[in-house]
$ cat my_file13.cif   # mmCIF, C-alpha atoms and all ligand atoms
data_entry
loop_
_atom_site.label_atom_id
_atom_site.label_comp_id
_atom_site.auth_asym_id
_atom_site.auth_seq_id
_atom_site.Cartn_x
_atom_site.Cartn_y
_atom_site.Cartn_z
CA MET A 1 29.59 46.57 1.56
CA HIS A 2 29.29 44.06 4.31
CA VAL A 3 29.64 40.58 2.87
CA LEU A 4 27.64 37.98 4.74
CA PRO A 5 29.46 34.83 5.63
CA GLN A 6 28.99 32.71 2.54
CA ILE A 7 27.92 29.46 4.04
CA ILE A 8 24.85 27.49 3.11
CA PHE A 9 23.59 24.17 4.22
CA THR A 10 23.04 21.35 1.85
CA TRP A 11 21.35 18.23 2.91
CA ARG A 12 19.91 15.12 1.51
CA VAL A 13 17.47 12.45 2.61
CA VAL A 14 18.83 8.99 2.08
CA LYS A 15 16.29 6.98 0.17
CA ASN A 16 17.64 3.64 1.36
CA PRO A 17 14.89 2.08 3.51
CA MET A 18 17.50 -0.01 5.27
CA THR A 19 19.09 3.00 6.93
CA THR A 20 18.39 3.92 10.52
CA PRO A 21 16.41 7.07 11.37
CA LEU A 22 19.61 8.76 12.57
CA SER A 23 21.21 8.53 9.18
CA LEU A 24 18.13 9.73 7.34
CA VAL A 25 19.22 13.31 7.05
CA SER A 26 22.68 14.58 6.49
CA LEU A 27 23.58 18.23 6.88
CA THR A 28 26.70 19.39 5.13
CA LEU A 29 28.39 22.76 5.07
CA ILE A 30 29.53 24.02 1.73
CA GLU A 31 31.53 27.16 1.27
CA VAL A 32 30.24 29.21 -1.62
CA ALA A 33 32.50 31.70 -3.32
CA ASP A 34 29.81 33.77 -5.09
CA PRO A 35 28.82 36.66 -2.72
CA SER A 36 25.75 37.51 -4.84
CA ILE A 37 23.94 34.52 -3.41
CA ASN A 38 21.29 35.77 -1.02
CA LEU A 39 22.07 33.86 2.14
CA TYR A 40 18.69 34.40 3.82
CA SER A 41 16.53 33.35 0.87
CA SER A 42 18.82 30.37 0.28
CA ILE A 43 18.45 29.24 3.87
CA SER A 44 14.70 29.81 3.98
CA GLY A 45 14.28 27.89 0.70
CA LEU A 46 16.38 25.03 1.97
CA LEU A 47 14.54 24.94 5.30
CA SER A 48 11.19 24.70 3.56
CA ILE A 49 12.44 21.79 1.42
CA LEU A 50 13.93 20.23 4.57
CA ALA A 51 10.57 20.48 6.36
CA SER A 52 8.69 18.88 3.49
CA ASP A 53 11.20 16.04 3.06
CA LEU A 54 11.39 15.40 6.80
CA SER A 55 7.63 15.03 6.74
CA ARG A 56 7.97 12.51 3.90
CA ALA A 57 10.70 10.69 5.85
CA ARG A 58 8.39 10.56 8.88
CA LYS A 59 5.73 8.90 6.73
CA VAL A 60 8.24 6.20 5.78
CA TYR A 61 8.65 5.30 9.45
CA GLU A 62 4.93 5.56 10.14
CA ILE A 63 4.50 2.63 7.76
CA GLU A 64 6.10 0.47 10.46
CA ASN A 65 3.10 1.12 12.68
CA ILE A 66 0.52 0.01 10.14
CA ARG A 67 -0.82 -3.37 11.14
CA ASN A 68 -0.63 -6.01 8.41
CA GLN A 69 -4.22 -7.04 7.80
CA VAL A 70 -3.23 -9.94 5.57
CA VAL A 71 -2.92 -12.95 7.84
CA ASN A 72 -0.10 -15.34 6.98
CA GLY A 73 -1.06 -18.85 5.83
CA THR A 74 0.56 -21.99 7.20
CA GLU A 75 0.80 -24.31 4.21
CA PRO A 76 3.98 -24.46 2.12
CA PHE A 77 3.69 -23.64 -1.59
CA PRO A 78 4.36 -25.24 -4.00
CA GLU A 79 4.57 -28.80 -2.81
CA ASN A 80 7.67 -29.28 -4.91
CA GLN A 81 9.71 -26.70 -6.77
CA GLN A 82 9.47 -28.62 -10.01
CA SER A 83 5.71 -28.06 -10.21
CA LEU A 84 6.35 -24.32 -10.73
CA ALA A 85 7.87 -25.16 -14.10
CA ASN A 86 4.38 -25.96 -15.35
CA GLY A 87 2.99 -22.59 -14.28
CA ILE A 88 0.41 -21.75 -11.64
CA SER A 89 -3.36 -21.62 -12.11
CA VAL A 90 -5.50 -18.84 -10.60
CA GLU A 91 -9.23 -18.83 -10.05
CA PHE A 92 -11.45 -16.03 -8.73
CA LYS A 93 -14.77 -17.22 -7.33
CA ASN A 94 -17.34 -14.45 -6.81
CA VAL A 95 -14.69 -12.01 -5.60
CA SER A 96 -15.68 -8.51 -4.50
CA PHE A 97 -13.25 -6.01 -3.07
CA GLN A 98 -13.56 -2.59 -1.48
CA TYR A 99 -10.44 -0.56 -0.62
CA PRO A 100 -10.33 0.62 3.01
CA GLY A 101 -12.06 3.98 3.32
CA ARG A 102 -13.83 3.72 -0.05
CA ASP A 103 -17.59 3.46 -0.19
CA ARG A 104 -17.82 1.59 -3.48
CA CYS A 105 -16.37 -1.69 -4.68
CA ALA A 106 -13.29 -1.67 -6.90
CA LEU A 107 -14.29 -5.21 -7.96
CA ARG A 108 -17.75 -6.72 -7.80
CA ASN A 109 -18.59 -10.41 -8.07
CA VAL A 110 -15.59 -11.28 -10.25
CA SER A 111 -15.19 -14.89 -11.41
CA PHE A 112 -12.69 -16.30 -13.91
CA LYS A 113 -10.09 -19.04 -14.23
CA ILE A 114 -6.61 -18.71 -15.70
CA GLU A 115 -5.13 -22.15 -16.37
CA ALA A 116 -1.50 -22.94 -15.56
CA GLY A 117 0.78 -21.71 -18.34
CA GLN A 118 -1.78 -19.40 -19.96
CA LEU A 119 -1.14 -15.85 -21.13
CA CYS A 120 -3.94 -13.67 -19.77
CA VAL A 121 -4.41 -9.99 -20.54
CA VAL A 122 -6.67 -7.95 -18.28
CA VAL A 123 -7.95 -4.91 -20.14
CA GLY A 124 -10.25 -2.06 -19.25
CA VAL A 125 -10.41 1.71 -18.95
CA ASN A 126 -8.69 3.70 -16.17
CA GLY A 127 -9.98 2.80 -12.73
CA SER A 128 -11.82 -0.31 -13.92
CA GLY A 129 -10.05 -2.60 -11.41
CA LYS A 130 -7.18 -4.14 -13.42
CA SER A 131 -4.42 -3.41 -10.87
CA THR A 132 -6.73 -4.50 -8.07
CA ILE A 133 -6.90 -7.98 -9.60
CA LEU A 134 -3.08 -8.20 -9.53
CA ASN A 135 -3.04 -6.83 -5.95
CA LEU A 136 -5.36 -9.63 -4.88
CA ILE A 137 -3.41 -12.37 -6.69
CA SER A 138 -0.22 -11.25 -4.94
CA ARG A 139 -2.15 -10.91 -1.66
CA ILE A 140 -1.39 -7.28 -1.06
CA TYR A 141 -5.07 -7.31 -0.02
CA ASP A 142 -7.61 -10.04 0.65
CA PRO A 143 -11.04 -10.08 -1.04
CA THR A 144 -13.86 -8.52 0.94
CA VAL A 145 -16.08 -11.33 -0.32
CA GLY A 146 -15.30 -14.50 -2.31
CA THR A 147 -12.36 -16.85 -2.72
CA ILE A 148 -9.14 -16.95 -4.73
CA LEU A 149 -7.65 -20.34 -5.55
CA ILE A 150 -4.00 -20.80 -6.48
CA ASP A 151 -3.41 -24.21 -8.06
CA GLY A 152 -6.78 -25.16 -6.57
CA ARG A 153 -5.84 -24.13 -3.00
CA ASP A 154 -7.34 -21.24 -1.05
CA ILE A 155 -4.76 -18.44 -1.32
CA LYS A 156 -5.25 -17.56 2.38
CA THR A 157 -3.96 -20.97 3.50
CA LEU A 158 -0.58 -20.57 1.74
CA LYS A 159 2.51 -19.15 3.43
CA LEU A 160 2.84 -15.57 2.17
CA ALA A 161 6.59 -15.81 1.65
CA ASP A 162 6.17 -18.97 -0.46
CA LEU A 163 3.40 -17.39 -2.52
CA ARG A 164 5.45 -14.27 -3.26
CA ALA A 165 8.59 -16.30 -4.01
CA ALA A 166 6.63 -18.26 -6.60
CA MET A 167 5.63 -15.05 -8.38
CA SER A 168 7.42 -12.29 -10.14
CA ILE A 169 5.56 -9.00 -10.03
CA LEU A 170 6.06 -5.70 -11.83
CA PHE A 171 3.91 -3.01 -10.25
CA GLN A 172 3.27 0.39 -11.79
CA ASP A 173 5.27 2.35 -9.23
CA TYR A 174 8.62 1.05 -10.43
CA SER A 175 11.44 2.08 -8.16
CA GLN A 176 15.03 3.05 -8.74
CA PHE A 177 17.33 2.37 -5.80
CA PRO A 178 20.45 4.33 -4.77
CA LEU A 179 22.68 1.49 -5.94
CA SER A 180 24.57 0.52 -9.05
CA VAL A 181 22.65 -0.49 -12.17
CA ARG A 182 23.88 -4.07 -11.63
CA GLU A 183 22.43 -4.09 -8.12
CA ASN A 184 19.20 -2.43 -9.19
CA ILE A 185 18.65 -5.45 -11.44
CA GLY A 186 20.23 -8.03 -9.10
CA LEU A 187 17.77 -7.17 -6.33
CA GLY A 188 15.20 -9.12 -8.33
CA ASN A 189 16.97 -12.30 -7.33
CA PRO A 190 19.75 -11.83 -4.73
CA ALA A 191 20.76 -15.48 -5.11
CA LEU A 192 21.88 -14.78 -8.69
CA ALA A 193 23.00 -11.16 -8.27
CA HIS A 194 26.70 -12.12 -8.29
CA GLU A 195 26.43 -13.78 -11.66
CA ASP A 196 27.19 -11.07 -14.19
CA ASP A 197 25.95 -13.08 -17.16
CA LYS A 198 22.56 -13.57 -15.46
CA VAL A 199 22.28 -9.84 -14.72
CA ARG A 200 23.14 -9.03 -18.34
CA GLU A 201 20.60 -11.55 -19.61
CA ALA A 202 17.92 -10.01 -17.38
CA ALA A 203 18.86 -6.57 -18.75
CA ARG A 204 18.57 -7.88 -22.30
CA LEU A 205 15.14 -9.36 -21.62
CA GLY A 206 14.02 -6.12 -19.97
CA GLY A 207 15.22 -4.08 -22.95
CA ALA A 208 17.80 -2.22 -20.81
CA GLU A 209 21.08 -3.71 -22.05
CA ASP A 210 21.76 -1.17 -24.82
CA PHE A 211 21.25 1.96 -22.73
CA ILE A 212 23.22 0.47 -19.80
CA ASP A 213 26.21 -0.21 -22.06
CA GLU A 214 26.20 3.49 -22.96
CA LEU A 215 26.28 4.69 -19.33
CA PRO A 216 29.62 6.05 -18.06
CA ASN A 217 30.44 2.91 -16.07
CA GLY A 218 28.07 0.47 -17.71
CA PHE A 219 26.52 -1.92 -15.19
CA ASP A 220 28.64 -0.37 -12.41
CA THR A 221 27.15 3.11 -12.90
CA TYR A 222 25.53 4.52 -9.78
CA LEU A 223 22.13 6.02 -10.44
CA ASP A 224 21.85 7.77 -7.13
CA ARG A 225 24.75 7.61 -4.74
CA LEU A 226 24.38 7.19 -1.02
CA VAL A 227 24.84 10.26 1.12
CA ASP A 228 28.25 9.32 2.51
CA ASP A 229 29.45 8.80 -0.99
CA TYR A 230 28.31 12.29 -1.97
CA TYR A 231 29.82 14.30 0.75
CA GLY A 232 32.81 12.49 2.02
CA ASP A 233 35.56 10.08 1.15
CA LEU A 234 34.60 6.50 1.67
CA PRO A 235 36.89 4.31 3.74
CA GLU A 236 39.08 2.15 1.55
CA GLY A 237 37.60 -1.26 0.95
CA THR A 238 33.97 -0.08 1.09
CA THR A 239 31.79 -2.45 -0.88
CA THR A 240 28.28 -2.29 -2.28
CA LEU A 241 25.30 -4.37 -1.30
CA PHE A 242 26.56 -7.31 -3.36
CA GLY A 243 30.26 -6.91 -2.55
CA HIS A 244 31.48 -4.78 -5.47
CA PRO A 245 34.14 -2.19 -4.54
CA VAL A 246 32.87 1.41 -4.32
CA GLU A 247 35.09 4.24 -5.43
CA SER A 248 34.59 7.68 -3.92
CA SER A 249 33.05 10.18 -6.28
CA PRO A 250 35.55 12.68 -7.69
CA ARG A 251 35.89 15.97 -5.87
CA ASN A 252 34.51 18.99 -7.68
CA THR A 253 35.65 22.58 -7.72
CA VAL A 254 33.34 25.58 -8.23
CA ASP A 255 35.01 28.99 -8.75
CA GLY A 256 38.12 27.69 -7.15
CA VAL A 257 36.22 26.52 -4.09
CA HIS A 258 36.38 22.92 -3.26
CA ILE A 259 33.10 21.01 -2.83
CA THR A 260 32.50 17.31 -2.55
CA GLY A 261 29.94 15.23 -4.27
CA SER A 262 28.69 14.69 -7.79
CA PRO A 263 25.26 15.22 -9.31
CA ASP A 264 22.87 12.30 -9.69
CA LEU A 265 22.97 10.51 -12.96
CA GLN A 266 19.57 11.04 -14.51
CA ILE A 267 17.95 8.41 -16.66
CA SER A 268 14.63 8.78 -18.44
CA TRP A 269 11.37 7.44 -17.06
CA GLY A 270 11.22 4.91 -19.89
CA GLN A 271 14.71 3.71 -18.90
CA VAL A 272 13.67 3.45 -15.24
CA GLN A 273 10.81 1.27 -16.45
CA ARG A 274 13.18 -0.93 -18.48
CA LEU A 275 15.36 -1.38 -15.37
CA ALA A 276 12.31 -2.40 -13.34
CA ILE A 277 11.31 -4.90 -16.03
CA SER A 278 14.89 -6.27 -15.98
CA ARG A 279 14.63 -6.69 -12.20
CA THR A 280 11.41 -8.66 -12.72
CA MET A 281 13.15 -10.73 -15.40
CA MET A 282 15.99 -11.45 -12.97
CA ARG A 283 13.44 -12.95 -10.63
CA SER A 284 11.99 -15.24 -13.25
CA LEU A 285 15.29 -16.47 -14.72
CA ILE A 286 15.49 -20.23 -14.68
CA SER A 287 17.78 -21.44 -11.92
CA GLU A 288 18.11 -24.12 -9.33
CA THR A 289 17.23 -21.67 -6.58
CA GLU A 290 14.03 -21.16 -4.71
CA TYR A 291 13.43 -17.92 -6.60
CA PHE A 292 12.23 -19.58 -9.76
CA ALA A 293 8.86 -18.00 -10.54
CA GLY A 294 5.87 -19.93 -11.89
CA MET A 295 3.77 -16.84 -12.51
CA LEU A 296 4.68 -13.42 -13.87
CA LEU A 297 2.43 -10.45 -13.20
CA PHE A 298 2.90 -7.20 -15.12
CA ASP A 299 0.91 -4.09 -14.31
CA GLU A 300 1.06 -1.81 -17.37
CA PRO A 301 4.63 -2.85 -18.25
CA SER A 302 4.80 -0.70 -21.36
CA ALA A 303 3.24 2.52 -20.08
CA SER A 304 6.41 4.60 -20.61
CA LEU A 305 7.84 2.69 -23.55
CA ASP A 306 7.82 3.87 -27.15
CA PRO A 307 5.90 1.67 -29.64
CA THR A 308 9.02 -0.16 -30.91
CA ALA A 309 10.25 -0.88 -27.37
CA GLU A 310 6.76 -2.09 -26.42
CA HIS A 311 6.58 -4.41 -29.43
CA ASP A 312 10.09 -5.81 -28.74
CA LEU A 313 9.33 -6.31 -25.04
CA PHE A 314 6.18 -8.29 -25.72
CA GLU A 315 8.00 -10.41 -28.30
CA ARG A 316 10.73 -11.27 -25.77
CA LEU A 317 8.21 -11.98 -23.02
CA ARG A 318 6.18 -14.30 -25.22
CA LYS A 319 9.33 -16.25 -26.12
CA LEU A 320 10.49 -16.39 -22.50
CA ARG A 321 7.17 -17.60 -21.20
CA GLY A 322 7.64 -21.34 -21.64
CA ASN A 323 5.02 -22.87 -19.38
CA LYS A 324 4.82 -19.99 -16.95
CA THR A 325 1.53 -18.25 -16.34
CA MET A 326 1.69 -14.61 -17.41
CA ILE A 327 -0.88 -12.00 -16.50
CA PHE A 328 -0.74 -8.47 -17.90
CA SER A 329 -2.88 -5.51 -17.09
CA THR A 330 -3.06 -2.87 -19.78
CA HIS A 331 -5.32 -0.29 -21.31
CA ARG A 332 -3.44 -0.51 -24.62
CA PHE A 333 -4.97 -3.38 -26.55
CA GLY A 334 -2.60 -3.52 -29.53
CA ASN A 335 0.36 -5.85 -29.38
CA LEU A 336 -0.41 -8.36 -26.74
CA THR A 337 -4.10 -9.21 -26.72
CA GLN A 338 -3.93 -10.99 -30.07
CA TYR A 339 -1.65 -13.60 -28.55
CA ALA A 340 -3.59 -14.05 -25.29
CA ASP A 341 -5.15 -17.37 -24.33
CA LEU A 342 -7.62 -15.37 -22.28
CA ILE A 343 -8.64 -11.72 -22.33
CA LEU A 344 -10.65 -10.35 -19.41
CA TYR A 345 -12.41 -7.09 -20.19
CA ILE A 346 -13.00 -5.58 -16.76
CA ASP A 347 -15.23 -2.79 -15.57
CA GLU A 348 -15.69 -3.50 -11.86
CA THR A 349 -16.67 -7.00 -12.93
CA VAL A 350 -15.77 -9.23 -15.86
CA GLN A 351 -17.81 -7.72 -18.69
CA GLU A 352 -16.39 -9.91 -21.48
CA GLU A 353 -13.95 -12.83 -21.64
CA GLY A 354 -12.43 -14.91 -24.40
CA THR A 355 -9.71 -14.75 -27.04
CA HIS A 356 -9.17 -11.74 -29.29
CA ASP A 357 -11.04 -13.38 -32.16
CA GLU A 358 -13.95 -14.39 -29.95
CA LEU A 359 -14.30 -10.91 -28.49
CA MET A 360 -13.99 -9.23 -31.89
CA LYS A 361 -16.71 -11.53 -33.23
CA LYS A 362 -18.88 -10.66 -30.26
CA GLY A 363 -18.69 -6.98 -31.25
CA GLY A 364 -18.96 -5.70 -27.67
CA GLU A 365 -16.97 -3.09 -25.73
CA TYR A 366 -13.62 -4.86 -26.28
CA ALA A 367 -14.15 -4.80 -30.05
CA ARG A 368 -15.26 -1.16 -29.95
CA ILE A 369 -12.16 0.00 -28.04
CA TRP A 370 -9.80 -2.21 -30.07
CA ASN A 371 -11.13 -0.69 -33.28
CA LEU A 372 -10.83 2.78 -31.78
CA GLN A 373 -7.17 2.18 -30.88
CA ALA A 374 -6.39 0.50 -34.22
CA LYS A 375 -8.00 3.26 -36.32
CA PRO A 376 -4.93 5.54 -36.60
CA PHE A 377 -2.99 2.61 -38.06
CA ASN A 378 -5.57 2.08 -40.86
CA GLY A 379 -5.76 -1.62 -40.15
CA GLN A 380 -1.98 -2.05 -40.46
CA ILE A 381 -1.50 -3.67 -37.05
CA PRO A 382 0.22 -6.99 -37.82
CA ARG A 383 -1.87 -10.05 -37.06
CA PRO A 384 -0.24 -13.18 -35.63
N1 LIG A 401 -5.02 2.06 -2.68
C1 LIG A 401 -6.26 2.43 -3.00
N2 LIG A 401 -7.07 2.98 -2.08
C2 LIG A 401 -8.34 3.35 -2.38
N3 LIG A 401 -8.87 3.22 -3.61
C3 LIG A 401 -8.10 2.69 -4.58
C4 LIG A 401 -6.75 2.28 -4.33
N4 LIG A 401 -6.24 1.80 -5.48
C5 LIG A 401 -7.21 1.91 -6.40
N5 LIG A 401 -8.32 2.43 -5.87
C6 LIG A 401 -9.61 2.66 -6.55
O1 LIG A 401 -10.10 1.40 -6.99
C7 LIG A 401 -10.64 1.49 -8.31
C8 LIG A 401 -9.88 0.51 -9.24
O2 LIG A 401 -8.53 0.96 -9.31
P1 LIG A 401 -7.42 0.14 -10.12
O3 LIG A 401 -6.12 0.79 -9.81
O4 LIG A 401 -7.55 -1.30 -9.85
O5 LIG A 401 -7.87 0.44 -11.62
P2 LIG A 401 -7.02 0.23 -12.97
O6 LIG A 401 -8.00 -0.35 -13.93
O7 LIG A 401 -5.79 -0.53 -12.72
O8 LIG A 401 -6.70 1.73 -13.36
P3 LIG A 401 -5.49 2.33 -14.27
O9 LIG A 401 -5.70 1.83 -15.67
O10 LIG A 401 -5.71 3.80 -14.16
O11 LIG A 401 -4.21 1.86 -13.66
C9 LIG A 401 -10.50 2.95 -8.71
O12 LIG A 401 -11.72 3.60 -8.46
C10 LIG A 401 -9.41 3.49 -7.81
O13 LIG A 401 -9.63 4.86 -7.53
#
$ encode --input "my_file13.cif" --output "structure tokens"
Amino acid sequence: MHVLPQIIFTWRVVKNPMTTPLSLVSLTLIEVADPSINLYSSISGLLSILASDLSRARKVYEIENIRNQVVNGTEPFPENQQSLANGISVEFKNVSFQYPGRDRCALRNVSFKIEAGQLCVVVGVNGSGKSTILNLISRIYDPTVGTILIDGRDIKTLKLADLRAAMSILFQDYSQFPLSVRENIGLGNPALAHEDDKVREAARLGGAEDFIDELPNGFDTYLDRLVDDYYGDLPEGTTTLFGHPVESSPRNTVDGVHITGSPDLQISWGQVQRLAISRTMMRSLISETEYFAGMLLFDEPSASLDPTAEHDLFERLRKLRGNKTMIFSTHRFGNLTQYADLILYIDETVQEEGTHDELMKKGGEYARIWNLQAKPFNGQIPRP
């Protein structure tokens, strides 16, 4: 029997957005000892994956050509760093917003005020506009109509970089970067990323410390190694983003044939979420640096957490809050809303607002959904 040359291509798209287009794709030859592998189907399978990932890579670079429609403001914010310690107030005045290409408003004539230092929970069903409110506060978009005031100043007049530095934001599409666990958290606040005790504290607050300690190399575990690290020896002295030494991954052998690289370390989606929360915590840790955040925004922070983890997270966040303004979006009413200074029940517009007790007394939609969610617990949800 004629044995085809047993060579297949492996390749990998580097997910690091800082890389240049040339280093996006790496092709590597691996010798495979098992002659039963069908070379042609292997290659055609790999080529189809290659085509689809190249198309995704192209989209990454197309982002560069999208014009930023949010015009930068000129005024510094805040006037002095110390004022952030008292939290930031936010006011929506008759705000409507329509996403580009959509023919109906995501938000319609929304008005509310969150005072500095308040805990606000934005609740509502799927698609009711909760995330859109957070997008507008962080100026990912500007309102189509209406005004947003931050500490009484029109949000559009403030320098974007200052505004974002004063906030700490956890969006729903939490990312995991091809770096060590320590760096994945440290990215939240590069100024403090070298301070191991700060990174550990952020991990504790994000509920990630225990699972990180169980990883093979603890905080130095790589979640997803860079391509060079997979397929080749790294030059001696190579360091990571924050200067930690990188060791080459051990060489593997399959059926006596030598291949390089090691498989990705997989962590669960709930653990990815805990890491993302830790990164957000890193950003809001009290320090003398400019990264101190006066407002924390969380978009569904507990979506992938089990009930105990969710309860513990909210307990830690409430204790951490101090005078910072905290705004949560959630469609789970349980743990948090009972502690909120202000609940906004949204369905395109603010349908109901008040504290938990006020809204329960009102007996409207908030009360109906809260009772619906509480039912399986037979009234055993602890009250504050
Ligand atoms: N980037 C976008 N482009 C176009 N439409 C969008 C975009 N993001 C959200 N929408 C639409 O705007 C409306 C409000 O969406 P939003 O994400 O704010 O709701 P949500 O209450 O946060 O939902 P969920 O609870 O499912 O996260 C929805 O109809 C949604 O389809």
$ residues_near_ligand --input "my_file13.cif" --ligand "ligand LIG 401 (chain A)" --cutoff "10 Å" --atoms "only C-alpha atoms and all ligand atoms" --output "VMD selection string"
chain A and resid 97 to 107 122 to 136 141 172 299 to 300 303 329 to 332 346 to 348
$ atom_distance --input "my_file13.cif" --atom1 "CA of Met295 (chain A)" --atom2 "CA of Thr280 (chain A)"
11.2 Å
$ closest_atom_pairs --input "my_file13.cif" --of "region 122-142 of chain A" --to "region 150-160 of chain A" --cutoff "9 Å" --atoms "all atoms listed in the file" --output "tab-separated table"
residue	atom	partner	partner_atom	distance
A:Ile137	CA	A:Ile155	CA	8.2
A:Ser138	CA	A:Leu160	CA	8.9
A:Arg139	CA	A:Leu160	CA	7.8
A:Asp142	CA	A:Lys156	CA	8.1
$ atom_distance --input "my_file13.cif" --atom1 "CA of Ala85 (chain A)" --atom2 "CA of Lys324 (chain A)"
6.6 Å
$ residues_around --input "my_file13.cif" --residues "region 268-276 of chain A" --least-positions-apart "2" --cutoff "12 Å" --atoms "all atoms listed in the file" --output "tab-separated table (two decimals) with C-alpha atoms, keeping the file's coordinate frame"
chain	number	residue	atom	x	y	z
A	168	SER	CA	7.42	-12.29	-10.14
A	169	ILE	CA	5.56	-9.00	-10.03
A	170	LEU	CA	6.06	-5.70	-11.83
A	171	PHE	CA	3.91	-3.01	-10.25
A	172	GLN	CA	3.27	0.39	-11.79
A	173	ASP	CA	5.27	2.35	-9.23
A	174	TYR	CA	8.62	1.05	-10.43
A	175	SER	CA	11.44	2.08	-8.16
A	176	GLN	CA	15.03	3.05	-8.74
A	177	PHE	CA	17.33	2.37	-5.80
A	180	SER	CA	24.57	0.52	-9.05
A	181	VAL	CA	22.65	-0.49	-12.17
A	182	ARG	CA	23.88	-4.07	-11.63
A	183	GLU	CA	22.43	-4.09	-8.12
A	184	ASN	CA	19.20	-2.43	-9.19
A	185	ILE	CA	18.65	-5.45	-11.44
A	186	GLY	CA	20.23	-8.03	-9.10
A	187	LEU	CA	17.77	-7.17	-6.33
A	188	GLY	CA	15.20	-9.12	-8.33
A	199	VAL	CA	22.28	-9.84	-14.72
A	200	ARG	CA	23.14	-9.03	-18.34
A	202	ALA	CA	17.92	-10.01	-17.38
A	203	ALA	CA	18.86	-6.57	-18.75
A	204	ARG	CA	18.57	-7.88	-22.30
A	205	LEU	CA	15.14	-9.36	-21.62
A	206	GLY	CA	14.02	-6.12	-19.97
A	207	GLY	CA	15.22	-4.08	-22.95
A	208	ALA	CA	17.80	-2.22	-20.81
A	209	GLU	CA	21.08	-3.71	-22.05
A	210	ASP	CA	21.76	-1.17	-24.82
A	211	PHE	CA	21.25	1.96	-22.73
A	212	ILE	CA	23.22	0.47	-19.80
A	215	LEU	CA	26.28	4.69	-19.33
A	219	PHE	CA	26.52	-1.92	-15.19
A	223	LEU	CA	22.13	6.02	-10.44
A	265	LEU	CA	22.97	10.51	-12.96
A	266	GLN	CA	19.57	11.04	-14.51
A	278	SER	CA	14.89	-6.27	-15.98
A	279	ARG	CA	14.63	-6.69	-12.20
A	280	THR	CA	11.41	-8.66	-12.72
A	281	MET	CA	13.15	-10.73	-15.40
A	282	MET	CA	15.99	-11.45	-12.97
A	283	ARG	CA	13.44	-12.95	-10.63
A	298	PHE	CA	2.90	-7.20	-15.12
A	299	ASP	CA	0.91	-4.09	-14.31
A	300	GLU	CA	1.06	-1.81	-17.37
A	301	PRO	CA	4.63	-2.85	-18.25
A	302	SER	CA	4.80	-0.70	-21.36
A	303	ALA	CA	3.24	2.52	-20.08
A	304	SER	CA	6.41	4.60	-20.61
A	305	LEU	CA	7.84	2.69	-23.55
A	306	ASP	CA	7.82	3.87	-27.15
A	307	PRO	CA	5.90	1.67	-29.64
A	309	ALA	CA	10.25	-0.88	-27.37
A	310	GLU	CA	6.76	-2.09	-26.42
A	312	ASP	CA	10.09	-5.81	-28.74
A	313	LEU	CA	9.33	-6.31	-25.04
$ atom_distance --input "my_file13.cif" --atom1 "CA of Cys120 (chain A)" --atom2 "CA of Thr355 (chain A)"
9.3 Å
$ residues_around --input "my_file13.cif" --residues "His356 (chain A)" --least-positions-apart "3" --cutoff "10 Å" --atoms "all atoms listed in the file" --output "MDAnalysis selection string"
chainID A and resid 333 336:343 353 359:362 366:367 370
$ axis_aligned_box --input "my_file13.cif" --around "region 125-132 of chain A" --padding-each-side "8 Å" --output "AutoDock Vina command-line options"
--center_x -8.1 --center_y -0.4 --center_z -13.5 --size_x 23.4 --size_y 24.2 --size_z 26.9
$ residues_near_point --input "my_file13.cif" --point "(8.0, -21.0, -1.1)" --cutoff "12 Å" --atoms "all atoms listed in the file" --output "VMD selection string"
chain A and resid 73 to 84 158 to 167 289 to 294
$ closest_residue --input "my_file13.cif" --among "A:Arg67, A:Ser89, A:Val110, A:Asp196" --to "Asp220 (chain A)" --atoms "all atoms listed in the file"
A:Asp196
$ build_atoms --input "my_file13.cif" --residues "region 211-218 of chain A" --atoms "N, CA and C atoms" --output "compact mmCIF listing (two decimals), keeping the file's coordinate frame"
# COMPACT_ATOMS: atom_id res chain seq x y z
N PHE A 211 21.02 0.65 -23.37
CA PHE A 211 21.25 1.96 -22.73
C PHE A 211 22.24 1.83 -21.57
N ILE A 212 22.26 0.67 -20.91
CA ILE A 212 23.22 0.47 -19.80
C ILE A 212 24.65 0.49 -20.34
N ASP A 213 24.86 -0.17 -21.48
CA ASP A 213 26.21 -0.21 -22.06
C ASP A 213 26.71 1.19 -22.41
N GLU A 214 25.78 2.12 -22.61
CA GLU A 214 26.20 3.49 -22.96
C GLU A 214 26.40 4.39 -21.74
N LEU A 215 26.08 3.89 -20.55
CA LEU A 215 26.28 4.69 -19.33
C LEU A 215 27.78 4.79 -19.03
N PRO A 216 28.19 5.82 -18.28
CA PRO A 216 29.62 6.05 -18.06
C PRO A 216 30.37 4.82 -17.53
N ASN A 217 29.77 4.10 -16.60
CA ASN A 217 30.44 2.91 -16.07
C ASN A 217 29.63 1.64 -16.30
N GLY A 218 28.84 1.66 -17.37
CA GLY A 218 28.07 0.47 -17.71
C GLY A 218 27.24 -0.03 -16.53
